[in-house]
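File shown: target.tsv. Contents: TSV, N, CA and C atoms.
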```tsv
chain	number	residue	atom	x	y	z
A	687	MET	N	4.54	-10.37	14.44
A	687	MET	CA	3.59	-9.36	14.04
A	687	MET	C	2.47	-10.04	13.24
A	688	ASN	N	1.23	-9.75	13.55
A	688	ASN	CA	0.11	-10.34	12.82
A	688	ASN	C	-0.20	-9.52	11.56
A	689	HIS	N	-1.20	-9.96	10.80
A	689	HIS	CA	-1.53	-9.29	9.54
A	689	HIS	C	-2.01	-7.85	9.75
A	690	VAL	N	-2.75	-7.59	10.81
A	690	VAL	CA	-3.25	-6.24	11.09
A	690	VAL	C	-2.08	-5.31	11.40
A	691	ALA	N	-1.18	-5.74	12.26
A	691	ALA	CA	-0.01	-4.93	12.61
A	691	ALA	C	0.90	-4.73	11.40
A	692	THR	N	0.99	-5.74	10.55
A	692	THR	CA	1.83	-5.62	9.35
A	692	THR	C	1.28	-4.55	8.41
A	693	LEU	N	-0.03	-4.54	8.19
A	693	LEU	CA	-0.62	-3.51	7.32
A	693	LEU	C	-0.38	-2.13	7.91
A	694	SER	N	-0.53	-1.98	9.20
A	694	SER	CA	-0.29	-0.70	9.86
A	694	SER	C	1.17	-0.27	9.71
A	695	ALA	N	2.09	-1.20	9.91
A	695	ALA	CA	3.52	-0.89	9.78
A	695	ALA	C	3.87	-0.52	8.34
A	696	TYR	N	3.22	-1.17	7.38
A	696	TYR	CA	3.43	-0.86	5.96
A	696	TYR	C	3.00	0.58	5.66
A	697	VAL	N	1.83	0.98	6.14
A	697	VAL	CA	1.35	2.35	5.91
A	697	VAL	C	2.30	3.35	6.59
A	698	GLU	N	2.75	3.02	7.77
A	698	GLU	CA	3.71	3.89	8.46
A	698	GLU	C	4.99	4.02	7.63
A	699	ALA	N	5.44	2.92	7.06
A	699	ALA	CA	6.64	2.94	6.21
A	699	ALA	C	6.40	3.78	4.95
A	700	LEU	N	5.22	3.66	4.35
A	700	LEU	CA	4.89	4.47	3.18
A	700	LEU	C	5.05	5.96	3.48
A	701	ASN	N	4.66	6.36	4.66
A	701	ASN	CA	4.71	7.78	5.02
A	701	ASN	C	6.11	8.28	5.33
A	702	THR	N	7.11	7.39	5.31
A	702	THR	CA	8.51	7.84	5.40
A	702	THR	C	9.03	8.27	4.04
A	703	HIS	N	8.34	7.84	2.96
A	703	HIS	CA	8.73	8.12	1.57
A	703	HIS	C	10.09	7.53	1.24
A	704	SER	N	10.43	6.43	1.88
A	704	SER	CA	11.72	5.77	1.69
A	704	SER	C	11.50	4.30	1.33
A	705	TRP	N	11.90	3.92	0.12
A	705	TRP	CA	11.75	2.52	-0.28
A	705	TRP	C	12.47	1.59	0.69
A	706	GLU	N	13.57	2.03	1.26
A	706	GLU	CA	14.32	1.19	2.21
A	706	GLU	C	13.46	0.83	3.43
A	707	HIS	N	12.53	1.70	3.81
A	707	HIS	CA	11.62	1.39	4.91
A	707	HIS	C	10.42	0.57	4.45
A	708	ILE	N	10.03	0.76	3.19
A	708	ILE	CA	8.87	0.07	2.65
A	708	ILE	C	9.19	-1.37	2.27
A	709	ALA	N	10.31	-1.59	1.62
A	709	ALA	CA	10.68	-2.90	1.05
A	709	ALA	C	10.57	-4.07	2.02
A	710	PRO	N	10.96	-3.94	3.28
A	710	PRO	CA	10.86	-5.09	4.18
A	710	PRO	C	9.43	-5.58	4.42
A	711	HIS	N	8.44	-4.78	4.05
A	711	HIS	CA	7.03	-5.15	4.24
A	711	HIS	C	6.41	-5.74	2.97
A	712	VAL	N	7.21	-5.84	1.90
A	712	VAL	CA	6.69	-6.21	0.59
A	712	VAL	C	7.34	-7.50	0.09
A	713	ALA	N	6.51	-8.45	-0.38
A	713	ALA	CA	7.03	-9.69	-0.96
A	713	ALA	C	7.82	-9.37	-2.23
A	714	GLU	N	8.86	-10.13	-2.49
A	714	GLU	CA	9.71	-9.91	-3.67
A	714	GLU	C	8.91	-9.92	-4.97
A	715	ASP	N	7.86	-10.74	-5.04
A	715	ASP	CA	7.07	-10.87	-6.27
A	715	ASP	C	5.73	-10.13	-6.17
A	716	ALA	N	5.66	-9.17	-5.30
A	716	ALA	CA	4.40	-8.43	-5.09
A	716	ALA	C	3.92	-7.75	-6.36
A	717	VAL	N	2.60	-7.62	-6.45
A	717	VAL	CA	1.95	-6.96	-7.59
A	717	VAL	C	1.22	-5.74	-7.06
A	718	PHE	N	1.48	-4.59	-7.69
A	718	PHE	CA	0.80	-3.34	-7.34
A	718	PHE	C	0.05	-2.87	-8.57
A	719	ILE	N	-1.25	-2.63	-8.42
A	719	ILE	CA	-2.08	-2.13	-9.52
A	719	ILE	C	-2.57	-0.75	-9.12
A	720	PHE	N	-2.07	0.24	-9.86
A	720	PHE	CA	-2.43	1.63	-9.62
A	720	PHE	C	-3.03	2.20	-10.90
A	721	THR	N	-3.53	3.41	-10.83
A	721	THR	CA	-4.12	4.06	-12.00
A	721	THR	C	-3.14	4.11	-13.17
A	722	GLU	N	-1.86	4.33	-12.86
A	722	GLU	CA	-0.87	4.49	-13.92
A	722	GLU	C	-0.25	3.19	-14.41
A	723	GLY	N	-0.70	2.05	-13.89
A	723	GLY	CA	-0.19	0.79	-14.41
A	723	GLY	C	-0.08	-0.30	-13.37
A	724	THR	N	0.43	-1.44	-13.82
A	724	THR	CA	0.67	-2.60	-12.97
A	724	THR	C	2.17	-2.76	-12.80
A	725	PHE	N	2.61	-2.97	-11.57
A	725	PHE	CA	4.01	-3.04	-11.25
A	725	PHE	C	4.27	-4.34	-10.49
A	726	ILE	N	5.17	-5.16	-11.01
A	726	ILE	CA	5.41	-6.48	-10.44
A	726	ILE	C	6.85	-6.57	-9.96
A	727	GLY	N	7.03	-6.95	-8.71
A	727	GLY	CA	8.35	-7.12	-8.12
A	727	GLY	C	8.89	-5.85	-7.50
A	728	HIS	N	9.95	-6.03	-6.72
A	728	HIS	CA	10.53	-4.91	-5.98
A	728	HIS	C	11.02	-3.78	-6.87
A	729	ALA	N	11.73	-4.09	-7.95
A	729	ALA	CA	12.31	-3.03	-8.79
A	729	ALA	C	11.22	-2.15	-9.39
A	730	ALA	N	10.18	-2.77	-9.94
A	730	ALA	CA	9.09	-2.00	-10.55
A	730	ALA	C	8.32	-1.22	-9.49
A	731	ALA	N	8.07	-1.84	-8.34
A	731	ALA	CA	7.36	-1.15	-7.26
A	731	ALA	C	8.16	0.05	-6.76
A	732	LYS	N	9.45	-0.15	-6.57
A	732	LYS	CA	10.32	0.94	-6.11
A	732	LYS	C	10.24	2.13	-7.07
A	733	ALA	N	10.34	1.87	-8.36
A	733	ALA	CA	10.29	2.95	-9.35
A	733	ALA	C	8.95	3.68	-9.28
A	734	SER	N	7.85	2.95	-9.15
A	734	SER	CA	6.53	3.56	-9.07
A	734	SER	C	6.37	4.41	-7.81
A	735	PHE	N	6.77	3.85	-6.68
A	735	PHE	CA	6.66	4.58	-5.42
A	735	PHE	C	7.50	5.85	-5.45
A	736	GLU	N	8.74	5.74	-5.94
A	736	GLU	CA	9.63	6.89	-5.96
A	736	GLU	C	9.12	7.97	-6.91
A	737	LYS	N	8.48	7.58	-8.01
A	737	LYS	CA	7.89	8.55	-8.93
A	737	LYS	C	6.77	9.33	-8.21
A	738	THR	N	5.94	8.61	-7.46
A	738	THR	CA	4.86	9.26	-6.70
A	738	THR	C	5.43	10.17	-5.64
A	739	PHE	N	6.45	9.71	-4.91
A	739	PHE	CA	7.04	10.53	-3.85
A	739	PHE	C	7.66	11.81	-4.42
A	740	ALA	N	8.21	11.74	-5.64
A	740	ALA	CA	8.77	12.94	-6.27
A	740	ALA	C	7.67	13.90	-6.70
A	741	LEU	N	6.54	13.37	-7.12
A	741	LEU	CA	5.42	14.20	-7.58
A	741	LEU	C	4.68	14.86	-6.42
A	742	ILE	N	4.44	14.09	-5.34
A	742	ILE	CA	3.65	14.59	-4.20
A	742	ILE	C	4.57	14.76	-3.00
A	743	GLN	N	4.98	15.97	-2.74
A	743	GLN	CA	5.84	16.23	-1.59
A	743	GLN	C	5.00	16.22	-0.30
A	744	SER	N	5.64	15.81	0.77
A	744	SER	CA	5.02	15.78	2.10
A	744	SER	C	3.72	14.98	2.12
A	745	GLU	N	3.63	13.97	1.28
A	745	GLU	CA	2.40	13.17	1.22
A	745	GLU	C	2.17	12.41	2.52
A	746	GLN	N	0.92	12.38	2.94
A	746	GLN	CA	0.49	11.55	4.05
A	746	GLN	C	-0.61	10.64	3.50
A	747	PHE	N	-0.44	9.35	3.70
A	747	PHE	CA	-1.33	8.32	3.18
A	747	PHE	C	-1.98	7.63	4.36
A	748	SER	N	-3.29	7.36	4.27
A	748	SER	CA	-3.96	6.69	5.38
A	748	SER	C	-5.05	5.75	4.87
A	749	LEU	N	-5.36	4.74	5.67
A	749	LEU	CA	-6.41	3.78	5.37
A	749	LEU	C	-7.56	3.96	6.35
A	750	HIS	N	-8.79	3.73	5.86
A	750	HIS	CA	-9.99	3.91	6.69
A	750	HIS	C	-10.99	2.80	6.38
A	751	ASP	N	-11.79	2.47	7.36
A	751	ASP	CA	-12.85	1.46	7.20
A	751	ASP	C	-12.30	0.14	6.66
A	752	ILE	N	-11.22	-0.32	7.26
A	752	ILE	CA	-10.59	-1.58	6.83
A	752	ILE	C	-11.50	-2.75	7.19
A	753	ALA	N	-11.77	-3.60	6.22
A	753	ALA	CA	-12.57	-4.82	6.44
A	753	ALA	C	-11.75	-6.01	5.98
A	754	TRP	N	-11.44	-6.91	6.91
A	754	TRP	CA	-10.70	-8.13	6.59
A	754	TRP	C	-11.71	-9.16	6.09
A	755	THR	N	-11.62	-9.52	4.82
A	755	THR	CA	-12.60	-10.39	4.20
A	755	THR	C	-12.19	-11.86	4.20
A	756	VAL	N	-10.89	-12.13	4.25
A	756	VAL	CA	-10.37	-13.49	4.33
A	756	VAL	C	-9.15	-13.47	5.24
A	757	VAL	N	-9.11	-14.35	6.21
A	757	VAL	CA	-7.93	-14.49	7.05
A	757	VAL	C	-7.73	-15.97	7.33
A	758	THR	N	-6.59	-16.50	6.89
A	758	THR	CA	-6.20	-17.87	7.18
A	758	THR	C	-4.83	-17.82	7.85
A	759	ASP	N	-4.24	-18.98	8.08
A	759	ASP	CA	-2.90	-19.01	8.66
A	759	ASP	C	-1.84	-18.50	7.69
A	760	GLU	N	-2.15	-18.45	6.38
A	760	GLU	CA	-1.16	-18.11	5.36
A	760	GLU	C	-1.49	-16.87	4.54
A	761	VAL	N	-2.76	-16.46	4.49
A	761	VAL	CA	-3.20	-15.36	3.63
A	761	VAL	C	-4.22	-14.50	4.38
A	762	ALA	N	-4.14	-13.20	4.16
A	762	ALA	CA	-5.13	-12.27	4.71
A	762	ALA	C	-5.46	-11.24	3.63
A	763	VAL	N	-6.76	-10.97	3.45
A	763	VAL	CA	-7.23	-10.06	2.42
A	763	VAL	C	-8.10	-9.00	3.08
A	764	CYS	N	-7.88	-7.74	2.68
A	764	CYS	CA	-8.72	-6.67	3.20
A	764	CYS	C	-9.07	-5.68	2.11
A	765	ARG	N	-10.16	-4.95	2.37
A	765	ARG	CA	-10.54	-3.84	1.51
A	765	ARG	C	-10.67	-2.62	2.41
A	766	TYR	N	-10.56	-1.43	1.82
A	766	TYR	CA	-10.53	-0.21	2.61
A	766	TYR	C	-10.74	1.00	1.72
A	767	GLU	N	-10.93	2.12	2.36
A	767	GLU	CA	-10.89	3.42	1.72
A	767	GLU	C	-9.52	4.01	2.03
A	768	PHE	N	-8.90	4.66	1.05
A	768	PHE	CA	-7.61	5.31	1.32
A	768	PHE	C	-7.73	6.80	1.02
A	769	ARG	N	-6.87	7.56	1.69
A	769	ARG	CA	-6.81	9.01	1.49
A	769	ARG	C	-5.34	9.42	1.46
A	770	TRP	N	-5.09	10.45	0.71
A	770	TRP	CA	-3.74	11.04	0.70
A	770	TRP	C	-3.87	12.56	0.61
A	771	ASP	N	-2.87	13.24	1.12
A	771	ASP	CA	-2.76	14.68	0.91
A	771	ASP	C	-1.29	15.04	0.93
A	772	GLY	N	-0.99	16.12	0.27
A	772	GLY	CA	0.38	16.59	0.16
A	772	GLY	C	0.44	17.83	-0.71
A	773	LEU	N	1.60	18.07	-1.29
A	773	LEU	CA	1.81	19.23	-2.15
A	773	LEU	C	2.23	18.76	-3.53
A	774	ILE	N	1.60	19.29	-4.55
A	774	ILE	CA	2.01	19.06	-5.93
A	774	ILE	C	2.37	20.42	-6.52
A	775	SER	N	3.61	20.56	-6.95
A	775	SER	CA	4.11	21.85	-7.46
A	775	SER	C	3.87	22.96	-6.45
A	776	GLY	N	4.03	22.63	-5.16
A	776	GLY	CA	3.90	23.61	-4.10
A	776	GLY	C	2.47	23.93	-3.69
A	777	GLN	N	1.49	23.33	-4.34
A	777	GLN	CA	0.08	23.60	-4.03
A	777	GLN	C	-0.54	22.43	-3.28
A	778	PRO	N	-1.40	22.69	-2.28
A	778	PRO	CA	-2.07	21.60	-1.57
A	778	PRO	C	-2.88	20.74	-2.53
A	779	ALA	N	-2.81	19.44	-2.34
A	779	ALA	CA	-3.55	18.49	-3.16
A	779	ALA	C	-3.97	17.33	-2.28
A	780	SER	N	-5.05	16.67	-2.67
A	780	SER	CA	-5.51	15.51	-1.91
A	780	SER	C	-6.35	14.63	-2.80
A	781	GLY	N	-6.56	13.42	-2.34
A	781	GLY	CA	-7.38	12.48	-3.10
A	781	GLY	C	-7.62	11.23	-2.29
A	782	GLY	N	-8.15	10.25	-2.96
A	782	GLY	CA	-8.42	8.99	-2.28
A	782	GLY	C	-9.19	8.07	-3.18
A	783	GLY	N	-9.58	6.96	-2.62
A	783	GLY	CA	-10.32	5.96	-3.37
A	783	GLY	C	-10.51	4.73	-2.51
A	784	ARG	N	-10.60	3.61	-3.20
A	784	ARG	CA	-10.76	2.35	-2.46
A	784	ARG	C	-9.62	1.42	-2.87
A	785	GLY	N	-9.33	0.51	-1.98
A	785	GLY	CA	-8.22	-0.39	-2.23
A	785	GLY	C	-8.46	-1.78	-1.68
A	786	THR	N	-7.64	-2.68	-2.16
A	786	THR	CA	-7.62	-4.07	-1.69
A	786	THR	C	-6.17	-4.47	-1.49
A	787	SER	N	-5.87	-5.12	-0.40
A	787	SER	CA	-4.53	-5.65	-0.17
A	787	SER	C	-4.62	-7.12	0.18
A	788	ILE	N	-3.64	-7.86	-0.31
A	788	ILE	CA	-3.49	-9.27	0.03
A	788	ILE	C	-2.14	-9.41	0.71
A	789	LEU	N	-2.16	-9.95	1.91
A	789	LEU	CA	-0.94	-10.23	2.64
A	789	LEU	C	-0.72	-11.73	2.64
A	790	ARG	N	0.54	-12.12	2.52
A	790	ARG	CA	0.90	-13.55	2.47
A	790	ARG	C	2.00	-13.80	3.50
A	791	LYS	N	1.90	-14.92	4.18
A	791	LYS	CA	2.94	-15.27	5.15
A	791	LYS	C	4.11	-15.91	4.41
A	792	VAL	N	5.28	-15.32	4.58
A	792	VAL	CA	6.51	-15.80	3.95
A	792	VAL	C	7.53	-16.00	5.07
A	793	HIS	N	7.97	-17.24	5.27
A	793	HIS	CA	8.93	-17.55	6.34
A	793	HIS	C	8.48	-16.95	7.67
A	794	ASP	N	7.23	-17.19	8.03
A	794	ASP	CA	6.64	-16.75	9.30
A	794	ASP	C	6.50	-15.23	9.44
A	795	ARG	N	6.57	-14.49	8.33
A	795	ARG	CA	6.36	-13.03	8.35
A	795	ARG	C	5.26	-12.68	7.36
A	796	TRP	N	4.35	-11.81	7.77
A	796	TRP	CA	3.32	-11.31	6.87
A	796	TRP	C	3.94	-10.25	5.98
A	797	LEU	N	3.67	-10.33	4.66
A	797	LEU	CA	4.17	-9.36	3.68
A	797	LEU	C	3.05	-8.96	2.73
A	798	ILE	N	3.14	-7.75	2.21
A	798	ILE	CA	2.21	-7.31	1.18
A	798	ILE	C	2.54	-8.08	-0.09
A	799	ALA	N	1.56	-8.83	-0.60
A	799	ALA	CA	1.75	-9.61	-1.83
A	799	ALA	C	1.05	-8.97	-3.01
A	800	HIS	N	0.02	-8.17	-2.72
A	800	HIS	CA	-0.78	-7.57	-3.80
A	800	HIS	C	-1.48	-6.34	-3.23
A	801	GLU	N	-1.49	-5.28	-4.03
A	801	GLU	CA	-2.21	-4.07	-3.63
A	801	GLU	C	-2.86	-3.49	-4.88
A	802	HIS	N	-4.12	-3.17	-4.77
A	802	HIS	CA	-4.85	-2.56	-5.89
A	802	HIS	C	-5.55	-1.32	-5.36
A	803	LEU	N	-5.15	-0.16	-5.87
A	803	LEU	CA	-5.76	1.11	-5.48
A	803	LEU	C	-6.50	1.67	-6.68
A	804	GLY	N	-7.75	2.10	-6.46
A	804	GLY	CA	-8.55	2.64	-7.54
A	804	GLY	C	-9.45	3.75	-7.05
A	805	PRO	N	-10.32	4.20	-7.94
A	805	PRO	CA	-11.22	5.31	-7.58
A	805	PRO	C	-12.26	4.88	-6.56
A	806	SER	N	-12.87	5.88	-5.93
A	806	SER	CA	-13.96	5.61	-5.00
A	806	SER	C	-15.12	4.97	-5.74
A	807	ALA	N	-15.90	4.20	-5.01
A	807	ALA	CA	-17.07	3.55	-5.60
A	807	ALA	C	-18.09	4.62	-5.97
A	808	ARG	N	-18.72	4.40	-7.10
A	808	ARG	CA	-19.79	5.32	-7.51
A	808	ARG	C	-21.06	4.94	-6.76
A	809	LYS	N	-21.83	5.95	-6.41
A	809	LYS	CA	-23.07	5.68	-5.67
A	809	LYS	C	-24.25	5.75	-6.57
```

Full structure transcribed into structure tokens:
Amino acid sequence: MNHVATLSAYVEALNTHSWEHIAPHVAEDAVFIFTEGTFIGHAAAKASFEKTFALIQSEQFSLHDIAWTVVTDEVAVCRYEFRWDGLISGQPASGGGRGTSILRKVHDRWLIAHEHLGPSARK
């Protein structure tokens, strides 16, 4: 699987809301930077993801306008717009912003090594 297919499979796994499906796409030492903090490694990432999944029921997450800015044999970097929608306390909710992901090849497999999600760019 190449870096593009790996990112797609990762997003598909996110939409299962199951860390067991997400974890195989994530490097053990991955760093996630979200509005609520920085999470390093599988245990911290799992806790953060599961907190979000408990807060936003039926969440659907998607990436748009993906631009690969660096691609080598070992590292791939992209930026994108992200969107989500779901239910919070039974009420429809949605949001989005911009993000950056770094994928790293580990034992011939591309894995998410870093993800930073933030607000949309101001115009």

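In terms of minimum interatomic distance to Leu741 (chain A), A:Ile774 ranks closest within A:Val756, A:Val761, A:Ala729, A:Ile774, counting all atoms listed in the file.
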
*Just the strand (DSSP E or B) stuff from region 700-748 of chain A, please, per backbone DSSP, written as a list in words.*
Val712, Ala713, Glu714, Asp715, Ala716, Val717, Phe718, Ile719, Phe720, Gly723, Thr724, Phe725, Ile726, Gln743, Ser744, Glu745, Gln746, Phe747 and Ser748 of chain A

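Among the candidates A:Ile752, A:Val712, A:Val757, A:Cys764, the residue lying nearest to Val792 (chain A) is A:Val712 (atoms considered: only C-alpha atoms).
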
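Between Asp794 (chain A) and the candidates A:His689, A:Val697, A:Gly781, A:Thr724, the tightest atom-to-atom separation, counting only C-alpha atoms, involves A:His689.
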
*Go through A:Arg790, A:Gly782, A:Leu773, A:Ala733 and flag the residue nearest Leu803 (chain A), using all atoms listed in the file for the distances.*
A:Gly782

*asked:* With all atoms listed in the file as the counted atoms, please give the residues lying no more than 8 Å from Pro805 (chain A), apart from itself and same-chain residues fewer than 2 positions off, as a count of residues only.
replied: 9

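Remark: for His728 (chain A), the closest of the candidate residues A:Val763, A:Ala753, A:Ile742, A:Ala713 is A:Ala713 (distances computed over only C-alpha atoms).
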
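Distance check against His711 (chain A) using only C-alpha atoms: of A:Phe725, A:Tyr696, A:Tyr766, A:Trp754, the minimum falls on A:Tyr696.
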
*From the DSSP assignment of the backbone, select every residue of chain A that is helix (DSSP H, G or I), and format the answer as a ChimeraX atom specification.*
/A:689-700,705-711,727-741

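Between CA of Glu714 (chain A) and CA of Ala730 (chain A) the separation is 10.5 Å.
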